[in-house]
Amino acid sequence: MLQSARGGVPSSRVTPGLLRLPAIEAAPLLLGWIICRKTPAGTLKLRIVEVEAYHQNDPASHSYRGETKRAAPMFKAGGHIYVYFTYGMHYAINIVTGPAGRGEAVLLRAAEPLEGIEIMQQNRGLTDIKKLAAGPGRLAQALGITDTSLSGKILNKSSIFLEPPLEPVDTKDIVASPRIGISKNPDPLWRFYIKNSPYISRV
DNA sequence: CAGAAGATCATCT
DNA sequence: GATGATCTTCTGT
């Protein structure tokens, strides 16, 4: 692809190599990375503090039943975005990982607001910074996601993209916990979060 | 085409 | 801890 089609930004600069890994491996590595979005009102940035890895081998995953219309973006190559709408009112943002066809993605569950906080407060209708993005639906709302038009798009500096951690996350501060599901699933879904982060909902 | 469930959240007791 | 909100997506008939 021509660089001009990406605003002069090489693909390697907008799609981190870790997104070629399976979701279970990419998920904990995404902690500390910064999710960024450019909006007409300004640029929004948040540090990822909680994620969940989805793959084809658990019935709770949208990719479990194959490539449906909604979940099709999950089967694209790592670095694509998967946005879905649920409960009649909430959006959630995923980063697709792995090679095309795997059906894996990492759900962004919570993040620490860093930049564009006033805009996020307006998007959320509240001021408490700890609650701006403490949950998948809240994070999407803070970022101004009001539809699924980003679903299937690739990470891009002009819309939504990732930046590397400002400082590395200490491995000892990462907690992993399996998602409750069908018993004896040898390959469950895993949630990863930064221990003691105040930007994670305790519910 | 009907029915059910949903990768959630705000609010109330 | 319990409940209502609100509507898309998928499944089975």
# chains A, B, ... in the order shown; residues from 1 in each chain; ligands from 1

$ interface_residues --of "chain A" --to "chain B" --cutoff "7 Å" --atoms "only C-alpha atoms (C1' of nucleotides)" --output "ChimeraX atom specification"
/A:86-87,90,137

$ interface_residues --of "chain A" --to "chain C" --cutoff "12 Å" --atoms "only C-alpha atoms (C1' of nucleotides)" --output "number ranges by chain"
A: 62, 65-71, 84-91, 147-148, 203

$ select_by_dssp --residues "region 164-194 of chain A" --states "strand (DSSP E or B)" --output "PyMOL selection string"
chain A and resi 174-178+190-194

$ write_last_selection --atoms "C-alpha atoms" --output "PDB file, in the first residue's frame"
ATOM      1  CA  ILE A 174      -0.025  -7.642  36.441  1.00  0.00           C
ATOM      2  CA  VAL A 175      -2.863  -9.824  37.669  1.00  0.00           C
ATOM      3  CA  ALA A 176      -4.387 -12.578  35.520  1.00  0.00           C
ATOM      4  CA  SER A 177      -7.773 -14.132  36.246  1.00  0.00           C
ATOM      5  CA  PRO A 178      -9.799 -16.584  34.169  1.00  0.00           C
ATOM      6  CA  TRP A 190      -8.407 -14.426  30.616  1.00  0.00           C
ATOM      7  CA  ARG A 191      -8.625 -10.968  32.073  1.00  0.00           C
ATOM      8  CA  PHE A 192      -5.466  -9.021  32.841  1.00  0.00           C
ATOM      9  CA  TYR A 193      -5.224  -5.868  34.870  1.00  0.00           C
ATOM     10  CA  ILE A 194      -2.750  -3.659  36.680  1.00  0.00           C
TER      11      ILE A 194
END

$ select_by_dssp --residues "region 16-121 of chain A" --states "helix (DSSP H, G or I)" --output "MDAnalysis selection string"
chainID A and resid 17:20 23:30 72:75 117:121

$ closest_residue --among "A:Gly103, A:Gly32, A:Gly78, A:Pro136" --to "Glu52 (chain A)" --atoms "only C-alpha atoms"
A:Pro136

$ atom_distance --atom1 "CA of Ser158 (chain A)" --atom2 "CA of Lys38 (chain A)"
6.4 Å
